[in-house]
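Printed here is my_file04.txt (compact mmCIF, N, CA and C atoms):
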```
# COMPACT_ATOMS: atom_id res chain seq x y z
N MET A 982 -3.19 9.78 -6.93
CA MET A 982 -3.64 9.63 -5.56
C MET A 982 -3.33 8.20 -5.11
N ALA A 983 -2.75 8.09 -3.96
CA ALA A 983 -2.42 6.77 -3.42
C ALA A 983 -3.69 6.00 -3.11
N SER A 984 -3.59 4.68 -3.21
CA SER A 984 -4.73 3.81 -2.94
C SER A 984 -4.31 2.76 -1.91
N PRO A 985 -5.27 2.01 -1.38
CA PRO A 985 -4.91 0.91 -0.49
C PRO A 985 -3.95 -0.09 -1.15
N LEU A 986 -4.06 -0.26 -2.46
CA LEU A 986 -3.13 -1.13 -3.20
C LEU A 986 -1.70 -0.63 -3.04
N HIS A 987 -1.49 0.67 -3.19
CA HIS A 987 -0.14 1.23 -3.05
C HIS A 987 0.38 1.03 -1.63
N SER A 988 -0.48 1.21 -0.64
CA SER A 988 -0.08 0.98 0.76
C SER A 988 0.32 -0.48 0.97
N ALA A 989 -0.49 -1.38 0.44
CA ALA A 989 -0.19 -2.81 0.57
C ALA A 989 1.15 -3.13 -0.09
N PHE A 990 1.41 -2.55 -1.25
CA PHE A 990 2.68 -2.76 -1.94
C PHE A 990 3.85 -2.26 -1.09
N CYS A 991 3.70 -1.06 -0.50
CA CYS A 991 4.77 -0.52 0.34
C CYS A 991 5.04 -1.41 1.54
N PHE A 992 3.99 -1.95 2.16
CA PHE A 992 4.18 -2.86 3.28
C PHE A 992 4.88 -4.14 2.83
N GLU A 993 4.51 -4.66 1.67
CA GLU A 993 5.17 -5.87 1.15
C GLU A 993 6.65 -5.62 0.87
N VAL A 994 6.97 -4.44 0.33
CA VAL A 994 8.37 -4.09 0.06
C VAL A 994 9.14 -4.01 1.37
N LEU A 995 8.57 -3.33 2.36
CA LEU A 995 9.24 -3.20 3.65
C LEU A 995 9.43 -4.56 4.31
N ASN A 996 8.40 -5.38 4.29
CA ASN A 996 8.50 -6.71 4.88
C ASN A 996 9.58 -7.54 4.19
N ALA A 997 9.60 -7.53 2.88
CA ALA A 997 10.62 -8.28 2.14
C ALA A 997 12.01 -7.78 2.48
N SER A 998 12.17 -6.48 2.63
CA SER A 998 13.46 -5.91 2.98
C SER A 998 13.91 -6.39 4.35
N LEU A 999 13.00 -6.39 5.31
CA LEU A 999 13.33 -6.85 6.66
C LEU A 999 13.63 -8.35 6.71
N GLU A 1000 13.02 -9.10 5.79
CA GLU A 1000 13.24 -10.55 5.73
C GLU A 1000 14.39 -10.91 4.79
N HIS A 1001 15.07 -9.89 4.23
CA HIS A 1001 16.17 -10.09 3.28
C HIS A 1001 15.71 -10.94 2.10
N ASP A 1002 14.56 -10.58 1.55
CA ASP A 1002 13.95 -11.31 0.45
C ASP A 1002 13.62 -10.32 -0.66
N GLU A 1003 13.30 -10.84 -1.83
CA GLU A 1003 12.87 -9.99 -2.94
C GLU A 1003 11.38 -9.66 -2.76
N PRO A 1004 11.00 -8.40 -2.92
CA PRO A 1004 9.58 -8.06 -2.80
C PRO A 1004 8.80 -8.52 -4.03
N PRO A 1005 7.50 -8.73 -3.86
CA PRO A 1005 6.68 -9.06 -5.04
C PRO A 1005 6.58 -7.83 -5.94
N SER A 1006 6.24 -8.05 -7.17
CA SER A 1006 6.05 -6.92 -8.09
C SER A 1006 4.74 -6.22 -7.77
N LEU A 1007 4.61 -5.00 -8.24
CA LEU A 1007 3.36 -4.27 -8.06
C LEU A 1007 2.22 -5.03 -8.72
N GLY A 1008 2.47 -5.67 -9.86
CA GLY A 1008 1.45 -6.47 -10.54
C GLY A 1008 0.99 -7.65 -9.70
N GLU A 1009 1.92 -8.30 -9.01
CA GLU A 1009 1.56 -9.43 -8.15
C GLU A 1009 0.74 -8.96 -6.95
N VAL A 1010 1.11 -7.84 -6.35
CA VAL A 1010 0.33 -7.31 -5.23
C VAL A 1010 -1.06 -6.91 -5.72
N GLU A 1011 -1.13 -6.37 -6.94
CA GLU A 1011 -2.43 -6.01 -7.52
C GLU A 1011 -3.30 -7.25 -7.69
N ARG A 1012 -2.71 -8.35 -8.16
CA ARG A 1012 -3.46 -9.60 -8.32
C ARG A 1012 -3.96 -10.10 -6.97
N LEU A 1013 -3.09 -10.06 -5.96
CA LEU A 1013 -3.49 -10.49 -4.62
C LEU A 1013 -4.55 -9.56 -4.03
N TRP A 1014 -4.42 -8.26 -4.31
CA TRP A 1014 -5.41 -7.29 -3.84
C TRP A 1014 -6.79 -7.62 -4.43
N ASN A 1015 -6.81 -7.91 -5.73
CA ASN A 1015 -8.08 -8.25 -6.38
C ASN A 1015 -8.71 -9.48 -5.73
N HIS A 1016 -7.90 -10.47 -5.43
CA HIS A 1016 -8.40 -11.68 -4.76
C HIS A 1016 -8.96 -11.32 -3.38
N TYR A 1017 -8.26 -10.47 -2.65
CA TYR A 1017 -8.69 -10.02 -1.33
C TYR A 1017 -10.04 -9.30 -1.40
N VAL A 1018 -10.19 -8.40 -2.36
CA VAL A 1018 -11.43 -7.64 -2.51
C VAL A 1018 -12.58 -8.57 -2.88
N ARG A 1019 -12.34 -9.50 -3.82
CA ARG A 1019 -13.40 -10.44 -4.21
C ARG A 1019 -13.83 -11.33 -3.05
N ALA A 1020 -12.91 -11.60 -2.12
CA ALA A 1020 -13.22 -12.44 -0.97
C ALA A 1020 -13.89 -11.65 0.15
N GLY A 1021 -14.16 -10.39 -0.08
CA GLY A 1021 -14.86 -9.57 0.91
C GLY A 1021 -13.93 -8.81 1.84
N GLY A 1022 -12.66 -8.78 1.54
CA GLY A 1022 -11.71 -8.06 2.39
C GLY A 1022 -11.93 -6.57 2.33
N GLY A 1023 -11.60 -5.91 3.44
CA GLY A 1023 -11.73 -4.46 3.49
C GLY A 1023 -13.11 -3.99 3.86
N SER A 1024 -14.09 -4.91 3.89
CA SER A 1024 -15.41 -4.51 4.31
C SER A 1024 -15.45 -4.44 5.83
N ASN A 1025 -16.40 -3.74 6.36
CA ASN A 1025 -16.51 -3.61 7.81
C ASN A 1025 -17.22 -4.82 8.38
N ASN A 1026 -16.54 -5.95 8.42
CA ASN A 1026 -17.17 -7.14 8.96
C ASN A 1026 -16.67 -7.41 10.37
N LYS A 1027 -17.41 -8.19 11.11
CA LYS A 1027 -17.09 -8.46 12.50
C LYS A 1027 -15.96 -9.46 12.66
N ASN A 1028 -15.54 -10.10 11.59
CA ASN A 1028 -14.45 -11.08 11.66
C ASN A 1028 -13.08 -10.46 11.47
N GLN A 1029 -13.04 -9.12 11.39
CA GLN A 1029 -11.76 -8.44 11.19
C GLN A 1029 -10.89 -8.63 12.42
N GLN A 1030 -9.60 -8.82 12.19
CA GLN A 1030 -8.68 -9.01 13.30
C GLN A 1030 -8.60 -7.77 14.16
N PRO A 1031 -8.52 -7.92 15.49
CA PRO A 1031 -8.37 -6.76 16.37
C PRO A 1031 -7.10 -6.00 16.04
N GLY A 1032 -7.19 -4.68 16.07
CA GLY A 1032 -6.01 -3.86 15.83
C GLY A 1032 -5.63 -3.70 14.38
N VAL A 1033 -6.39 -4.31 13.47
CA VAL A 1033 -6.09 -4.20 12.05
C VAL A 1033 -7.19 -3.40 11.39
N SER A 1034 -6.80 -2.35 10.68
CA SER A 1034 -7.80 -1.56 9.97
C SER A 1034 -7.27 -1.25 8.59
N LEU A 1035 -8.17 -1.12 7.66
CA LEU A 1035 -7.81 -0.79 6.29
C LEU A 1035 -8.50 0.51 5.97
N ASP A 1036 -7.74 1.54 5.64
CA ASP A 1036 -8.33 2.82 5.30
C ASP A 1036 -8.92 2.71 3.91
N THR A 1037 -10.24 2.71 3.84
CA THR A 1037 -10.91 2.59 2.55
C THR A 1037 -11.53 3.93 2.14
N SER A 1038 -10.93 5.03 2.60
CA SER A 1038 -11.47 6.33 2.24
C SER A 1038 -11.24 6.64 0.76
N SER A 1039 -10.23 6.02 0.16
CA SER A 1039 -9.99 6.20 -1.26
C SER A 1039 -10.98 5.34 -2.04
N THR A 1040 -11.61 5.91 -3.04
CA THR A 1040 -12.56 5.14 -3.83
C THR A 1040 -11.86 4.21 -4.80
N HIS A 1041 -10.58 4.46 -5.10
CA HIS A 1041 -9.85 3.66 -6.07
C HIS A 1041 -9.56 2.28 -5.48
N LEU A 1042 -10.03 1.24 -6.11
CA LEU A 1042 -9.75 -0.14 -5.77
C LEU A 1042 -10.45 -0.66 -4.52
N GLN A 1043 -11.27 0.12 -3.84
CA GLN A 1043 -11.78 -0.38 -2.58
C GLN A 1043 -12.95 -1.33 -2.73
N ASN A 1044 -13.77 -1.22 -3.73
CA ASN A 1044 -14.97 -2.04 -3.81
C ASN A 1044 -15.01 -2.99 -4.99
N GLU A 1045 -14.10 -2.89 -5.87
CA GLU A 1045 -14.13 -3.80 -7.01
C GLU A 1045 -12.73 -4.14 -7.46
N SER A 1046 -12.60 -5.31 -8.01
CA SER A 1046 -11.29 -5.70 -8.52
C SER A 1046 -11.13 -5.16 -9.92
N ILE A 1047 -9.90 -5.14 -10.38
CA ILE A 1047 -9.61 -4.64 -11.71
C ILE A 1047 -8.68 -5.61 -12.40
N PRO A 1048 -8.73 -5.67 -13.73
CA PRO A 1048 -7.81 -6.56 -14.43
C PRO A 1048 -6.37 -6.20 -14.12
N ALA A 1049 -5.54 -7.20 -13.94
CA ALA A 1049 -4.13 -6.98 -13.60
C ALA A 1049 -3.48 -6.04 -14.60
N GLY A 1050 -2.71 -5.10 -14.07
CA GLY A 1050 -1.99 -4.16 -14.91
C GLY A 1050 -2.83 -3.05 -15.47
N GLN A 1051 -4.11 -2.95 -15.06
CA GLN A 1051 -4.97 -1.93 -15.63
C GLN A 1051 -5.50 -0.97 -14.59
N ALA A 1052 -4.79 -0.80 -13.50
CA ALA A 1052 -5.19 0.18 -12.50
C ALA A 1052 -5.20 1.56 -13.15
N ASN A 1053 -6.09 2.40 -12.72
CA ASN A 1053 -6.20 3.74 -13.27
C ASN A 1053 -5.16 4.63 -12.60
N THR A 1054 -3.91 4.26 -12.75
CA THR A 1054 -2.82 5.01 -12.15
C THR A 1054 -1.78 5.31 -13.22
N PRO A 1055 -1.09 6.43 -13.05
CA PRO A 1055 -0.05 6.77 -14.03
C PRO A 1055 1.16 5.87 -13.86
N ASN A 1056 1.98 5.80 -14.90
CA ASN A 1056 3.24 5.05 -14.82
C ASN A 1056 4.29 5.81 -14.02
N GLU A 1057 4.19 7.13 -14.00
CA GLU A 1057 5.11 7.98 -13.27
C GLU A 1057 4.32 9.00 -12.48
N ALA A 1058 4.81 9.34 -11.30
CA ALA A 1058 4.13 10.34 -10.47
C ALA A 1058 5.07 10.84 -9.39
N PRO A 1059 4.86 12.09 -8.93
CA PRO A 1059 5.55 12.53 -7.72
C PRO A 1059 5.04 11.66 -6.57
N MET A 1060 5.85 11.41 -5.57
CA MET A 1060 5.37 10.53 -4.50
C MET A 1060 6.08 10.79 -3.19
N PHE A 1061 5.37 10.49 -2.11
CA PHE A 1061 5.91 10.53 -0.76
C PHE A 1061 5.43 9.28 -0.06
N VAL A 1062 6.30 8.66 0.70
CA VAL A 1062 5.94 7.51 1.53
C VAL A 1062 6.14 7.94 2.98
N THR A 1063 5.10 7.77 3.76
CA THR A 1063 5.12 8.14 5.17
C THR A 1063 4.78 6.93 6.01
N TRP A 1064 5.58 6.68 7.03
CA TRP A 1064 5.30 5.61 7.98
C TRP A 1064 5.00 6.25 9.33
N ASP A 1065 3.89 5.86 9.92
CA ASP A 1065 3.51 6.28 11.26
C ASP A 1065 3.50 5.07 12.16
N THR A 1066 3.77 5.28 13.44
CA THR A 1066 3.58 4.23 14.43
C THR A 1066 2.34 4.60 15.23
N ILE A 1067 1.67 3.60 15.75
CA ILE A 1067 0.48 3.83 16.57
C ILE A 1067 0.76 3.24 17.95
N SER A 1068 0.67 4.08 18.96
CA SER A 1068 0.97 3.63 20.32
C SER A 1068 -0.26 2.97 20.94
N SER A 1069 -0.09 2.44 22.14
CA SER A 1069 -1.18 1.72 22.81
C SER A 1069 -2.38 2.63 23.10
N ASP A 1070 -2.17 3.95 23.16
CA ASP A 1070 -3.29 4.87 23.38
C ASP A 1070 -3.86 5.40 22.07
N ASP A 1071 -3.53 4.73 20.95
CA ASP A 1071 -4.00 5.06 19.60
C ASP A 1071 -3.47 6.39 19.05
N SER A 1072 -2.46 6.96 19.67
CA SER A 1072 -1.89 8.18 19.11
C SER A 1072 -0.85 7.80 18.05
N LYS A 1073 -0.80 8.63 17.00
CA LYS A 1073 0.12 8.38 15.90
C LYS A 1073 1.39 9.20 16.09
N CYS A 1074 2.50 8.63 15.67
CA CYS A 1074 3.78 9.30 15.74
C CYS A 1074 4.51 9.05 14.41
N LEU A 1075 5.01 10.13 13.82
CA LEU A 1075 5.73 10.00 12.55
C LEU A 1075 6.99 9.18 12.74
N ARG A 1076 7.13 8.14 11.93
CA ARG A 1076 8.30 7.27 11.98
C ARG A 1076 9.28 7.62 10.86
N GLY A 1077 8.73 7.97 9.70
CA GLY A 1077 9.59 8.33 8.58
C GLY A 1077 8.77 8.84 7.41
N CYS A 1078 9.33 9.77 6.66
CA CYS A 1078 8.65 10.31 5.49
C CYS A 1078 9.71 10.80 4.52
N ILE A 1079 9.55 10.41 3.28
CA ILE A 1079 10.47 10.86 2.24
C ILE A 1079 9.76 10.81 0.90
N GLY A 1080 10.16 11.66 0.00
CA GLY A 1080 9.55 11.65 -1.32
C GLY A 1080 10.15 12.70 -2.21
N THR A 1081 9.48 12.92 -3.32
CA THR A 1081 9.95 13.88 -4.32
C THR A 1081 8.76 14.42 -5.11
N PHE A 1082 8.91 15.64 -5.58
CA PHE A 1082 7.90 16.22 -6.46
C PHE A 1082 8.19 15.88 -7.92
N GLU A 1083 9.37 15.34 -8.18
CA GLU A 1083 9.72 14.94 -9.54
C GLU A 1083 9.07 13.58 -9.83
N PRO A 1084 8.37 13.45 -10.96
CA PRO A 1084 7.73 12.16 -11.27
C PRO A 1084 8.75 11.03 -11.36
N LEU A 1085 8.44 9.92 -10.69
CA LEU A 1085 9.25 8.70 -10.75
C LEU A 1085 8.37 7.56 -11.25
N GLU A 1086 9.01 6.55 -11.83
CA GLU A 1086 8.28 5.35 -12.22
C GLU A 1086 7.68 4.77 -10.95
N LEU A 1087 6.38 4.46 -10.99
CA LEU A 1087 5.60 4.13 -9.81
C LEU A 1087 6.18 2.97 -9.00
N GLU A 1088 6.40 1.82 -9.62
CA GLU A 1088 6.86 0.65 -8.86
C GLU A 1088 8.24 0.88 -8.25
N GLU A 1089 9.18 1.37 -9.03
CA GLU A 1089 10.54 1.58 -8.52
C GLU A 1089 10.57 2.69 -7.47
N GLY A 1090 9.81 3.74 -7.67
CA GLY A 1090 9.77 4.83 -6.70
C GLY A 1090 9.19 4.38 -5.37
N LEU A 1091 8.09 3.62 -5.42
CA LEU A 1091 7.50 3.12 -4.18
C LEU A 1091 8.44 2.15 -3.47
N LYS A 1092 9.13 1.31 -4.22
CA LYS A 1092 10.11 0.40 -3.62
C LYS A 1092 11.20 1.19 -2.90
N THR A 1093 11.77 2.16 -3.59
CA THR A 1093 12.87 2.92 -3.03
C THR A 1093 12.44 3.69 -1.78
N TYR A 1094 11.36 4.43 -1.88
CA TYR A 1094 10.96 5.27 -0.75
C TYR A 1094 10.35 4.49 0.39
N SER A 1095 9.78 3.32 0.13
CA SER A 1095 9.29 2.47 1.22
C SER A 1095 10.43 2.04 2.11
N ARG A 1096 11.55 1.73 1.50
CA ARG A 1096 12.73 1.28 2.26
C ARG A 1096 13.40 2.43 2.99
N ILE A 1097 13.51 3.58 2.34
CA ILE A 1097 14.22 4.72 2.92
C ILE A 1097 13.43 5.34 4.08
N ALA A 1098 12.13 5.47 3.90
CA ALA A 1098 11.31 6.13 4.93
C ALA A 1098 11.38 5.36 6.23
```
Hey, can you dump this file as structure tokens for me?
Amino acid sequence: MASPLHSAFCFEVLNASLEHDEPPSLGEVERLWNHYVRAGGGSNNKNQQPGVSLDTSSTHLQNESIPAGQANTPNEAPMFVTWDTISSDDSKCLRGCIGTFEPLELEEGLKTYSRIA
């Protein structure tokens, strides 16, 4: 099951691709995610930036940090990456979606499909 960590990693990969830079590793994003969670990120606080929301419906990784490299996730999994756009009236529109039912190595699969979608 995808987690906010996986979403953050996909955004980092996409951003790095658009900036013609190397993306951080999944382990590095996990370390940064843990720092974010410990600092109170993702909670429903009033200091959240307008227009920015974090879907914390997944229980995985949302309320506690985990030791680097020890996420309760498989090394390989079927995966799909979907990008939606949100218009000014808050309606969502599919921008791109691609994936496979064949298990892929998690980090490389997310990198590949984040860019393609």
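Separating atom CA of A:Gly1021 from atom CA of A:Pro985 is a distance of 14.5 Å.
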- Enter the distance from atom CA of A:Asp1070 to atom C of A:Thr1093, in Å, rounded to one decimal.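 Straight-line distance from atom CA of A:Asp1070 to atom C of A:Thr1093 works out to 29.7 Å.
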- For atom C of A:Glu1083 and atom C of A:Leu999, quote the distance in Å rounded to one decimal.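 Atom C of A:Leu999 lies at a distance of 27.8 Å from atom C of A:Glu1083.
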- Message: From the options A:Glu1000, A:Glu1086, A:Glu1011, A:Glu993, which residue's atoms come nearest to A:Met1060, counting only C-alpha atoms?
- Response: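 With only C-alpha atoms as the atom set, the closest residue is A:Glu1086.
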- Query: Which residues, written as a list in words, have at least one atom at most 8 Å from A:Ile1097, with only N, CA and C atoms counted and residues fewer than 4 positions away on the same chain left out?
  - Reply: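 Returned residues: Val1062, Gly1077, Cys1078, Ile1079, Leu1091, Lys1092 and Thr1093 of chain A.
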I'd like the neighbourhood of A:Gly1080 as a short mmCIF file (atom, residue, chain, number, x, y, z; two decimals) with N, CA and C atoms, keeping the file's coordinate frame, where a residue qualifies if any of its atoms comes within 9 Å (using only C-alpha atoms), though same-chain residues fewer than 4 positions away should be ignored.
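The result, stored in out_10.cif:
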```cif
data_model
loop_
_atom_site.label_atom_id
_atom_site.label_comp_id
_atom_site.auth_asym_id
_atom_site.auth_seq_id
_atom_site.Cartn_x
_atom_site.Cartn_y
_atom_site.Cartn_z
N PRO A 1059 4.86 12.09 -8.93
CA PRO A 1059 5.55 12.53 -7.72
C PRO A 1059 5.04 11.66 -6.57
N MET A 1060 5.85 11.41 -5.57
CA MET A 1060 5.37 10.53 -4.50
C MET A 1060 6.08 10.79 -3.19
N PHE A 1061 5.37 10.49 -2.11
CA PHE A 1061 5.91 10.53 -0.76
C PHE A 1061 5.43 9.28 -0.06
N VAL A 1062 6.30 8.66 0.70
CA VAL A 1062 5.94 7.51 1.53
C VAL A 1062 6.14 7.94 2.98
N THR A 1063 5.10 7.77 3.76
CA THR A 1063 5.12 8.14 5.17
C THR A 1063 4.78 6.93 6.01
N GLY A 1090 9.81 3.74 -7.67
CA GLY A 1090 9.77 4.83 -6.70
C GLY A 1090 9.19 4.38 -5.37
N TYR A 1094 11.36 4.43 -1.88
CA TYR A 1094 10.96 5.27 -0.75
C TYR A 1094 10.35 4.49 0.39
N ALA A 1098 12.13 5.47 3.90
CA ALA A 1098 11.31 6.13 4.93
C ALA A 1098 11.38 5.36 6.23
#
```
- For A:Leu1007, work out the shell of residues within 6.5 Å, counting all atoms listed in the file and skipping chain neighbours fewer than 5 positions away, then give it as number ranges by chain. A: 990, 1012, 1088
